[in-house]
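coords_37.cif, holding mmCIF, C-alpha atoms and all ligand atoms:
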data_my_file
loop_
_atom_site.label_atom_id
_atom_site.label_comp_id
_atom_site.auth_asym_id
_atom_site.auth_seq_id
_atom_site.Cartn_x
_atom_site.Cartn_y
_atom_site.Cartn_z
CA MET A 1 9.76 18.65 -0.47
CA LYS A 2 6.09 19.51 0.08
CA ILE A 3 4.11 16.88 1.96
CA ALA A 4 0.33 16.90 2.39
CA VAL A 5 -0.75 15.23 5.61
CA ILE A 6 -4.15 13.64 6.14
CA GLY A 7 -4.22 12.36 9.73
CA GLY A 8 -7.84 11.28 9.35
CA ASP A 9 -9.83 9.43 11.98
CA GLY A 10 -9.20 7.47 15.16
CA THR A 11 -5.55 6.62 15.74
CA GLY A 12 -4.55 8.02 12.31
CA PRO A 13 -3.39 11.39 13.66
CA GLU A 14 -1.45 9.72 16.51
CA VAL A 15 0.60 7.43 14.26
CA VAL A 16 1.19 10.16 11.68
CA ALA A 17 2.56 12.41 14.43
CA GLU A 18 5.22 9.77 15.16
CA GLY A 19 6.08 9.53 11.47
CA LEU A 20 6.50 13.30 11.33
CA LYS A 21 8.77 13.12 14.38
CA VAL A 22 10.99 10.68 12.47
CA LEU A 23 10.81 12.87 9.34
CA LYS A 24 12.17 15.80 11.33
CA ALA A 25 15.06 13.67 12.62
CA VAL A 26 16.01 12.28 9.22
CA ALA A 27 15.75 15.65 7.45
CA LYS A 28 18.20 17.04 9.97
CA LYS A 29 20.51 14.04 9.61
CA VAL A 30 20.58 13.95 5.81
CA GLY A 31 20.11 17.68 5.26
CA PHE A 32 16.97 18.45 3.28
CA ASP A 33 14.12 20.91 3.70
CA TYR A 34 10.45 20.13 3.69
CA THR A 35 7.10 21.72 4.42
CA ILE A 36 3.95 20.00 5.58
CA LYS A 37 0.35 21.04 5.22
CA GLU A 38 -2.44 19.33 7.06
CA PHE A 39 -5.74 18.50 5.33
CA LYS A 40 -8.53 17.91 7.79
CA VAL A 41 -10.30 15.21 5.81
CA SER A 42 -12.02 12.59 7.96
CA GLY A 43 -15.18 10.68 8.75
CA ASP A 44 -15.67 13.00 11.71
CA ARG A 45 -15.67 16.01 9.41
CA TYR A 46 -18.13 14.31 7.06
CA LEU A 47 -20.58 13.80 9.95
CA ALA A 48 -20.01 17.25 11.40
CA ALA A 49 -20.78 18.79 7.99
CA GLY A 50 -24.12 16.99 7.95
CA GLY A 51 -23.17 13.92 5.87
CA ASP A 52 -25.62 11.04 6.17
CA PRO A 53 -23.92 8.04 7.86
CA THR A 54 -25.97 5.54 5.84
CA ARG A 55 -25.44 6.85 2.30
CA PRO A 56 -23.11 9.36 0.61
CA THR A 57 -24.88 12.73 0.62
CA ILE A 58 -21.97 15.20 0.61
CA PRO A 59 -18.37 14.87 -0.64
CA VAL A 60 -15.88 13.39 1.84
CA ILE A 61 -13.14 15.44 0.19
CA GLN A 62 -13.81 18.65 -1.77
CA ASP A 63 -12.89 19.05 -5.45
CA GLN A 64 -10.90 22.08 -4.37
CA GLU A 65 -8.88 19.98 -1.90
CA ILE A 66 -8.06 17.41 -4.59
CA ALA A 67 -6.95 20.21 -6.90
CA GLU A 68 -4.72 21.51 -4.12
CA LEU A 69 -3.25 18.06 -3.42
CA ARG A 70 -1.96 17.91 -6.99
CA ALA A 71 0.66 20.51 -6.13
CA PHE A 72 2.32 18.35 -3.46
CA ASP A 73 5.23 15.95 -3.81
CA ALA A 74 3.52 13.29 -1.71
CA ILE A 75 0.57 12.62 0.56
CA TYR A 76 0.96 11.05 3.99
CA LEU A 77 -2.27 9.42 5.17
CA GLY A 78 -3.02 8.11 8.67
CA ALA A 79 -6.37 6.32 8.57
CA VAL A 80 -9.87 7.13 7.46
CA GLY A 81 -12.66 5.04 8.94
CA HIS A 82 -15.49 5.71 11.32
CA PRO A 83 -17.55 3.21 13.33
CA LYS A 84 -20.74 5.25 12.75
CA ILE A 85 -20.37 5.51 8.97
CA ALA A 86 -21.61 2.72 6.69
CA PRO A 87 -18.97 0.71 4.80
CA GLY A 88 -18.13 2.13 1.38
CA ILE A 89 -18.85 5.81 1.99
CA LEU A 90 -15.38 6.84 3.17
CA GLU A 91 -13.61 4.18 1.12
CA LYS A 92 -15.20 5.36 -2.13
CA GLY A 93 -15.37 9.01 -1.12
CA LEU A 94 -11.74 9.36 -0.19
CA LEU A 95 -9.33 6.46 -0.70
CA LEU A 96 -10.66 5.13 -4.00
CA ARG A 97 -11.43 8.62 -5.27
CA LEU A 98 -7.85 9.75 -4.69
CA ARG A 99 -6.46 6.57 -6.26
CA PHE A 100 -8.54 7.15 -9.40
CA GLU A 101 -8.34 10.93 -9.72
CA LEU A 102 -4.62 11.13 -9.00
CA ASP A 103 -4.11 8.04 -11.20
CA GLN A 104 -2.19 6.19 -8.49
CA TYR A 105 -2.09 3.08 -10.60
CA ILE A 106 0.31 1.09 -8.44
CA ASN A 107 -0.27 -0.18 -4.93
CA LEU A 108 3.16 -1.02 -3.60
CA ARG A 109 3.33 -3.37 -0.61
CA PRO A 110 6.73 -4.40 0.69
CA VAL A 111 6.41 -7.56 2.78
CA LYS A 112 9.37 -7.70 5.09
CA LEU A 113 9.62 -9.40 8.46
CA TYR A 114 11.76 -7.10 10.60
CA PRO A 115 14.20 -8.50 13.18
CA GLY A 116 12.59 -9.48 16.46
CA VAL A 117 9.07 -9.37 15.02
CA GLU A 118 6.94 -12.44 15.55
CA THR A 119 5.45 -14.23 12.53
CA PRO A 120 2.76 -16.90 12.80
CA LEU A 121 4.78 -19.01 10.34
CA LYS A 122 6.55 -21.76 12.23
CA GLY A 123 10.28 -21.94 11.58
CA LYS A 124 10.41 -18.83 9.37
CA GLY A 125 12.47 -15.73 10.11
CA PRO A 126 13.42 -12.37 8.54
CA GLU A 127 15.56 -14.10 5.89
CA ASP A 128 12.46 -15.98 4.66
CA VAL A 129 9.87 -13.21 4.52
CA ASP A 130 11.17 -10.46 2.25
CA PHE A 131 9.29 -9.78 -0.96
CA VAL A 132 7.26 -7.03 -2.62
CA VAL A 133 3.75 -7.06 -4.05
CA VAL A 134 2.98 -4.70 -6.94
CA ARG A 135 -0.81 -4.46 -7.14
CA GLU A 136 -2.62 -2.78 -10.02
CA ASN A 137 -4.61 -0.05 -8.29
CA THR A 138 -7.11 1.54 -10.71
CA GLU A 139 -8.83 -1.24 -12.67
CA GLY A 140 -10.35 -4.69 -12.29
CA ILE A 141 -13.47 -4.91 -10.17
CA TYR A 142 -12.68 -1.58 -8.47
CA THR A 143 -13.98 0.53 -11.37
CA GLY A 144 -17.58 0.24 -10.17
CA MET A 145 -18.87 -1.06 -13.51
CA GLY A 146 -21.94 -3.25 -13.34
CA GLY A 147 -25.18 -2.88 -11.49
CA ILE A 148 -28.27 -4.41 -9.95
CA GLN A 149 -31.51 -5.03 -11.79
CA TYR A 150 -34.88 -6.23 -10.49
CA LYS A 151 -33.66 -5.29 -7.02
CA ASP A 152 -35.50 -6.90 -4.11
CA THR A 153 -37.39 -9.30 -6.34
CA PRO A 154 -36.69 -13.01 -6.72
CA GLN A 155 -35.26 -12.17 -10.17
CA GLU A 156 -32.61 -9.83 -8.77
CA VAL A 157 -29.49 -9.82 -10.95
CA SER A 158 -26.20 -8.19 -10.07
CA THR A 159 -23.00 -7.93 -12.05
CA GLN A 160 -19.63 -6.46 -11.15
CA ILE A 161 -17.35 -6.14 -14.12
CA ASN A 162 -13.65 -6.91 -14.07
CA CYS A 163 -12.50 -4.08 -16.30
CA THR A 164 -9.01 -4.93 -17.51
CA THR A 165 -7.24 -2.92 -20.17
CA ARG A 166 -4.08 -3.77 -22.01
CA PHE A 167 -2.85 -0.29 -21.10
CA GLY A 168 -3.55 -0.80 -17.40
CA ALA A 169 -2.01 -4.26 -17.22
CA GLN A 170 0.98 -3.08 -19.23
CA ARG A 171 1.88 -0.12 -17.05
CA ALA A 172 1.57 -2.17 -13.86
CA ILE A 173 3.65 -4.98 -15.32
CA ARG A 174 6.29 -2.57 -16.61
CA TYR A 175 6.51 -0.89 -13.22
CA ALA A 176 6.96 -4.32 -11.61
CA PHE A 177 9.74 -5.36 -13.99
CA GLU A 178 11.53 -2.04 -13.41
CA PHE A 179 11.05 -2.43 -9.67
CA CYS A 180 12.44 -5.97 -9.77
CA ARG A 181 15.45 -4.80 -11.76
CA ARG A 182 16.11 -1.98 -9.28
CA ARG A 183 15.62 -4.19 -6.26
CA ASN A 184 18.27 -6.48 -7.69
CA ASN A 185 17.60 -9.36 -5.32
CA PRO A 186 19.70 -12.42 -6.29
CA LYS A 187 16.43 -14.23 -7.10
CA HIS A 188 15.70 -11.87 -10.03
CA ARG A 189 12.18 -13.29 -10.21
CA LEU A 190 8.90 -11.59 -11.08
CA THR A 191 5.83 -13.70 -10.38
CA LEU A 192 2.57 -12.86 -12.12
CA VAL A 193 -0.34 -13.81 -9.86
CA HIS A 194 -3.76 -14.27 -11.48
CA LYS A 195 -6.37 -16.94 -12.12
CA THR A 196 -5.86 -17.66 -15.81
CA ASN A 197 -7.46 -21.11 -15.55
CA VAL A 198 -10.87 -19.56 -14.84
CA LEU A 199 -10.60 -15.88 -15.82
CA THR A 200 -9.74 -16.87 -19.37
CA TYR A 201 -10.35 -13.38 -20.82
CA VAL A 202 -8.84 -10.89 -18.36
CA GLY A 203 -6.24 -13.44 -17.26
CA ASP A 204 -5.19 -13.92 -20.86
CA THR A 205 -4.63 -10.18 -21.31
CA TRP A 206 -2.45 -10.14 -18.22
CA PHE A 207 -0.54 -13.28 -19.23
CA ARG A 208 0.24 -12.20 -22.79
CA THR A 209 1.14 -8.68 -21.70
CA PHE A 210 3.43 -10.07 -19.01
CA HIS A 211 5.41 -12.14 -21.50
CA GLU A 212 5.48 -9.40 -24.10
CA VAL A 213 6.84 -6.76 -21.70
CA GLY A 214 9.08 -9.41 -20.13
CA LYS A 215 11.11 -9.71 -23.34
CA GLU A 216 12.67 -6.38 -22.44
CA TYR A 217 13.93 -7.83 -19.15
CA PRO A 218 15.97 -10.89 -20.12
CA GLU A 219 17.76 -11.11 -16.76
CA ILE A 220 14.47 -11.50 -14.84
CA GLU A 221 12.79 -14.88 -14.50
CA LYS A 222 9.15 -14.77 -15.65
CA ASP A 223 7.17 -16.82 -13.20
CA TYR A 224 3.43 -17.43 -12.82
CA ASN A 225 1.21 -18.54 -9.91
CA HIS A 226 -2.54 -18.95 -9.70
CA VAL A 227 -3.79 -16.75 -6.86
CA ASP A 228 -5.07 -19.64 -4.75
CA ALA A 229 -1.75 -21.46 -5.00
CA CYS A 230 0.05 -18.21 -4.18
CA CYS A 231 -1.82 -18.06 -0.85
CA MET A 232 -0.61 -21.54 -0.06
CA TRP A 233 3.01 -20.69 -0.94
CA PHE A 234 2.93 -17.51 1.19
CA VAL A 235 2.42 -19.77 4.20
CA LYS A 236 4.55 -22.70 3.12
CA ASN A 237 7.50 -21.13 1.26
CA PRO A 238 7.47 -17.32 1.47
CA GLU A 239 11.23 -17.33 0.76
CA TYR A 240 10.40 -18.28 -2.83
CA TYR A 241 9.19 -14.78 -3.73
CA ASP A 242 11.10 -11.74 -4.93
CA VAL A 243 8.53 -9.43 -6.63
CA ILE A 244 4.88 -10.21 -7.42
CA VAL A 245 2.64 -8.36 -9.88
CA THR A 246 -1.10 -8.87 -9.76
CA ASP A 247 -4.50 -7.36 -10.47
CA ASN A 248 -6.43 -5.13 -8.11
CA ILE A 249 -8.67 -7.50 -6.15
CA PHE A 250 -6.16 -10.36 -5.98
CA GLY A 251 -3.60 -7.86 -4.74
CA ASP A 252 -6.01 -6.59 -2.12
CA ILE A 253 -6.56 -10.07 -0.75
CA ILE A 254 -3.03 -11.46 -0.84
CA THR A 255 -1.55 -8.35 0.78
CA ASP A 256 -3.65 -8.86 3.92
CA LEU A 257 -2.32 -12.40 4.16
CA ALA A 258 1.14 -11.00 3.52
CA ALA A 259 0.65 -8.40 6.29
CA VAL A 260 0.02 -11.16 8.79
CA ILE A 261 3.17 -13.09 7.91
CA GLN A 262 5.26 -9.92 8.25
CA GLY A 263 3.98 -9.37 11.78
CA GLY A 264 0.54 -7.83 11.35
CA LEU A 265 -1.12 -4.51 10.77
CA GLY A 266 1.13 -2.83 13.33
CA VAL A 267 4.01 -2.99 10.84
CA ALA A 268 2.57 -3.23 7.31
CA ALA A 269 2.79 -0.11 5.12
CA GLY A 270 1.72 0.62 1.58
CA GLY A 271 1.98 3.21 -1.15
CA ASN A 272 -0.56 4.31 -3.77
CA ILE A 273 1.81 5.37 -6.49
CA ASN A 274 1.70 7.48 -9.60
CA PRO A 275 5.38 7.48 -10.59
CA LYS A 276 4.97 10.79 -12.43
CA GLY A 277 2.34 12.35 -10.20
CA VAL A 278 1.35 12.62 -6.56
CA SER A 279 1.59 9.40 -4.56
CA MET A 280 0.03 8.60 -1.21
CA TYR A 281 1.57 6.48 1.55
CA GLU A 282 -0.29 4.91 4.44
CA PRO A 283 -0.12 2.35 7.23
CA MET A 284 -2.30 -0.69 6.40
CA GLY A 285 -4.09 -0.76 9.75
CA GLY A 286 -7.36 1.12 10.11
CA SER A 287 -8.47 3.87 12.45
CA ALA A 288 -8.67 1.47 15.45
CA PRO A 289 -11.39 3.43 17.34
CA LYS A 290 -11.01 1.41 20.53
CA TYR A 291 -7.36 2.43 20.92
CA THR A 292 -7.86 6.09 20.02
CA GLY A 293 -6.23 8.64 22.32
CA ARG A 294 -4.69 6.01 24.61
CA ASN A 295 -1.10 6.24 23.35
CA VAL A 296 -1.00 2.46 22.81
CA ILE A 297 -1.27 2.02 19.03
CA ASN A 298 1.82 0.85 17.14
CA PRO A 299 3.21 3.66 14.95
CA MET A 300 5.70 1.37 13.12
CA ALA A 301 3.49 0.91 10.06
CA ALA A 302 3.10 4.68 9.75
CA ILE A 303 6.85 5.15 10.20
CA GLY A 304 7.38 2.44 7.55
CA ALA A 305 5.01 4.36 5.26
CA LEU A 306 7.15 7.44 5.80
CA ALA A 307 10.28 5.45 4.85
CA MET A 308 8.51 4.42 1.65
CA LEU A 309 7.35 7.97 0.98
CA LEU A 310 10.95 9.19 1.16
CA ARG A 311 12.48 6.34 -0.82
CA GLU A 312 9.86 6.19 -3.57
CA THR A 313 9.62 9.98 -3.98
CA GLY A 314 13.41 10.02 -4.23
CA THR A 315 13.36 7.18 -6.76
CA ASN A 316 10.65 8.76 -8.93
CA THR A 317 12.37 12.16 -8.98
CA GLY A 318 16.00 10.96 -8.98
CA ASP A 319 16.68 12.62 -5.60
CA THR A 320 19.38 10.53 -3.94
CA LYS A 321 19.11 12.39 -0.63
CA LEU A 322 15.51 11.30 -0.26
CA MET A 323 16.38 7.72 -1.17
CA ASP A 324 19.11 7.78 1.46
CA ALA A 325 16.67 9.25 3.99
CA GLY A 326 14.14 6.46 3.30
CA ASN A 327 16.81 3.79 3.73
CA ARG A 328 17.94 5.38 6.99
CA VAL A 329 14.42 5.37 8.39
CA GLU A 330 14.05 1.71 7.51
CA ALA A 331 17.39 0.90 9.15
CA ALA A 332 16.23 2.76 12.27
CA ILE A 333 12.98 0.74 12.33
CA MET A 334 15.07 -2.44 12.18
CA ALA A 335 17.19 -1.19 15.07
CA VAL A 336 14.08 -0.65 17.23
CA THR A 337 11.85 -3.67 16.47
CA PRO A 338 14.09 -6.10 18.42
CA LYS A 339 13.62 -3.95 21.53
CA MET A 340 9.83 -4.18 21.41
CA LYS A 341 7.93 -6.93 23.24
CA SER A 342 5.29 -7.21 20.54
CA GLN A 343 3.97 -5.33 17.53
CA ALA A 344 0.39 -5.48 18.84
CA ALA A 345 -1.33 -2.38 20.22
CA GLY A 346 -0.94 -2.09 23.99
CA LYS A 347 1.59 -4.93 24.17
CA MET A 348 4.68 -3.23 22.75
CA GLY A 349 6.40 -2.62 26.08
CA PHE A 350 6.38 1.05 25.04
CA SER A 351 3.79 3.70 24.31
CA THR A 352 3.09 5.07 20.83
CA THR A 353 5.16 8.19 21.48
CA GLN A 354 8.02 6.18 23.01
CA VAL A 355 8.30 4.02 19.90
CA GLY A 356 8.41 7.19 17.79
CA ASP A 357 11.12 8.60 20.06
CA LEU A 358 13.19 5.41 19.80
CA VAL A 359 13.08 5.43 15.98
CA ALA A 360 13.90 9.16 15.85
CA GLN A 361 16.86 8.55 18.18
CA ALA A 362 18.05 5.62 16.05
CA VAL A 363 17.90 7.88 12.97
CA ALA A 364 19.95 10.55 14.75
CA ALA A 365 22.50 7.95 15.90
CA GLY A 366 22.65 6.10 12.55
C1 LIG B 401 -6.69 -1.62 0.87
C2 LIG B 401 -8.08 -1.52 1.42
C3 LIG B 401 -9.00 -0.85 0.41
C4 LIG B 401 -9.02 -1.72 -0.84
C5 LIG B 401 -10.42 -0.59 0.92
C6 LIG B 401 -10.42 0.20 2.20
C7 LIG B 401 -11.28 0.08 -0.11
O1 LIG B 401 -8.56 -2.76 1.80
O2 LIG B 401 -6.08 -0.56 0.62
O3 LIG B 401 -6.16 -2.71 0.72
O4 LIG B 401 -9.84 -2.63 -0.97
O5 LIG B 401 -8.19 -1.46 -1.72
MN MN B 402 -7.15 -4.35 1.55
#

This structure in structure tokens:
Amino acid sequence: MKIAVIGGDGTGPEVVAEGLKVLKAVAKKVGFDYTIKEFKVSGDRYLAAGGDPTRPTIPVIQDQEIAELRAFDAIYLGAVGHPKIAPGILEKGLLLRLRFELDQYINLRPVKLYPGVETPLKGKGPEDVDFVVVRENTEGIYTGMGGIQYKDTPQEVSTQINCTTRFGAQRAIRYAFEFCRRRNNPKHRLTLVHKTNVLTYVGDTWFRTFHEVGKEYPEIEKDYNHVDACCMWFVKNPEYYDVIVTDNIFGDIITDLAAVIQGGLGVAAGGNINPKGVSMYEPMGGSAPKYTGRNVINPMAAIGALAMLLRETGTNTGDTKLMDAGNRVEAAIMAVTPKMKSQAAGKMGFSTTQVGDLVAQAVAAG
């Protein structure tokens, strides 16, 4: 397996290093070979190359680098974000660009409360918080369609178009049904989350497509929630959910709420997936500048992203060794979380590197 590594900014390289430590342990345990190549893409590099911090003046990632990334089996990303760079420049220049150009049309967010991890939900435990959000990742309001006219006048008008295609909704929905089938949770329930009562055009496309594709999955319950109600149920009855499929912006918002109920950004991981192309896996937390270089940041989310990278790459290529490796890493995470005092940076009872060591040891012992 060939893995491209983008450590990025701030604590990104530190947490990725712990993930790579665990990768080494699991490759030895299961018996597979891999190579890694580091890509030095970051906000720091953008500034060092003369990029303007207030507006995008040079590429954050080169065309040549993107072309090179296409030859890898997966991308492992730490964090890209810089306190001196205006919002949007790195997001559009790297993360969104890769999602679009590599056609990573799924954002996969497992929401699982690991043993011993604190949730702010009173009376809920690991048996209650265990579901998966499948977020459409290349359409909706993320396409950048729209614009501003009469800027800086009292007549200023701005529009941001929710570009929804039947094709885009269909492939996300199909992926979600297949995922739900594979997951095989006794609930066998796929919940479409949208806002069909107000977004009567784009919501209608999603709703009709959902029921059309759903005919091919008779064993799966077709369920629907409005996005606002879904937020309420996440807090009140998270145990209701099995798999959720939703559009880009709703998925963005509900997965931050979901991250909090699974114990916060220290543990939440996600994947930007093109099932037939190159996918990219990342911890949800940012570059955390104030914790950089102090060996206090929680690497669990990055290690969880590595588990996903292995399992999903294995699933998409039919490689059972990789699937096994991903499951072993997740089991090792679950063996270590109960030993930690907290999942918050600086409060874990261990340093960043110690947490990585503990997971690597649990993999070796497992
Ligand atoms: C996410 C992030 C991104 C998004 C930002 C950084 C552009 O919030 O991956 O959820 O909105 O998709
Ligand atoms: Mn987000």

- request: Calculate how many Å separate atom CA of Gly144 of chain A from atom CA of Tyr105 of chain A, rounding to one decimal.
  value: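 These atoms are spaced 15.8 Å apart.
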
message: Show me, as JSON, numbers by chain, the residues that have an atom within 10 Å of Val22 of chain A when counting only C-alpha atoms, minus same-chain residues fewer than 6 positions from it.
response: {"A": [16, 28, 303, 306, 307, 329, 332, 356, 357, 358, 359, 360, 361, 362, 363, 364]}

query: Which residues form the shell of 10 Å around ligand LIG 401 (chain B) when you count all atoms listed in the file, given as JSON, numbers by chain?
result: {"A": [79, 80, 81, 87, 88, 89, 90, 91, 92, 93, 94, 95, 96, 97, 99, 107, 109, 135, 137, 138, 142, 248, 249, 250, 251, 252, 253, 254, 255, 256, 269, 270, 271, 272, 282, 283, 284, 285, 286]}

task: Skip segment 167-183 of chain A itself and residues of its chain fewer than 4 positions away, then list as a PyMOL selection string all residues within 7 Å of it, counting all atoms listed in the file.
output: chain A and resi 106+134+136+188+190+206+209-210+213+243+245

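Atom CA of Leu310 of chain A is positioned 25.6 Å from atom CA of Val296 of chain A.
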
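Atom CA of Met308 of chain A sits 7.2 Å away from atom CA of Tyr281 of chain A.
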
- prompt: If we count only C-alpha atoms, what is near Gly31 of chain A at a cut-off of 12 Å, once residues fewer than 2 positions away on the same chain are taken out, given as number ranges by chain?
  reply: A: 1, 23-29, 33-34, 320-322, 324-325, 364

- prompt: Using only C-alpha atoms, which residue out of A:Thr143, A:Asn162, A:Asn298, A:Gln262 lies closest to Val235 of chain A?
  reply: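 Checking each of A:Thr143, A:Asn162, A:Asn298, A:Gln262 against Val235 of chain A, counting only C-alpha atoms, the winner is A:Gln262.
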
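Each of A:Arg55, A:Lys341, A:Lys215, A:Lys151 was checked against Ile85 of chain A using all atoms listed in the file; the smallest atom-to-atom distance is that of A:Arg55.
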
message: Which residue is closest to ligand MN 402 (chain B)? Choose from A:Ala365, A:Leu257, A:Ser351, A:Arg311 and count only C-alpha atoms and all ligand atoms.
response: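 Checking each of A:Ala365, A:Leu257, A:Ser351, A:Arg311 against ligand MN 402 (chain B), counting only C-alpha atoms and all ligand atoms, the winner is A:Leu257.
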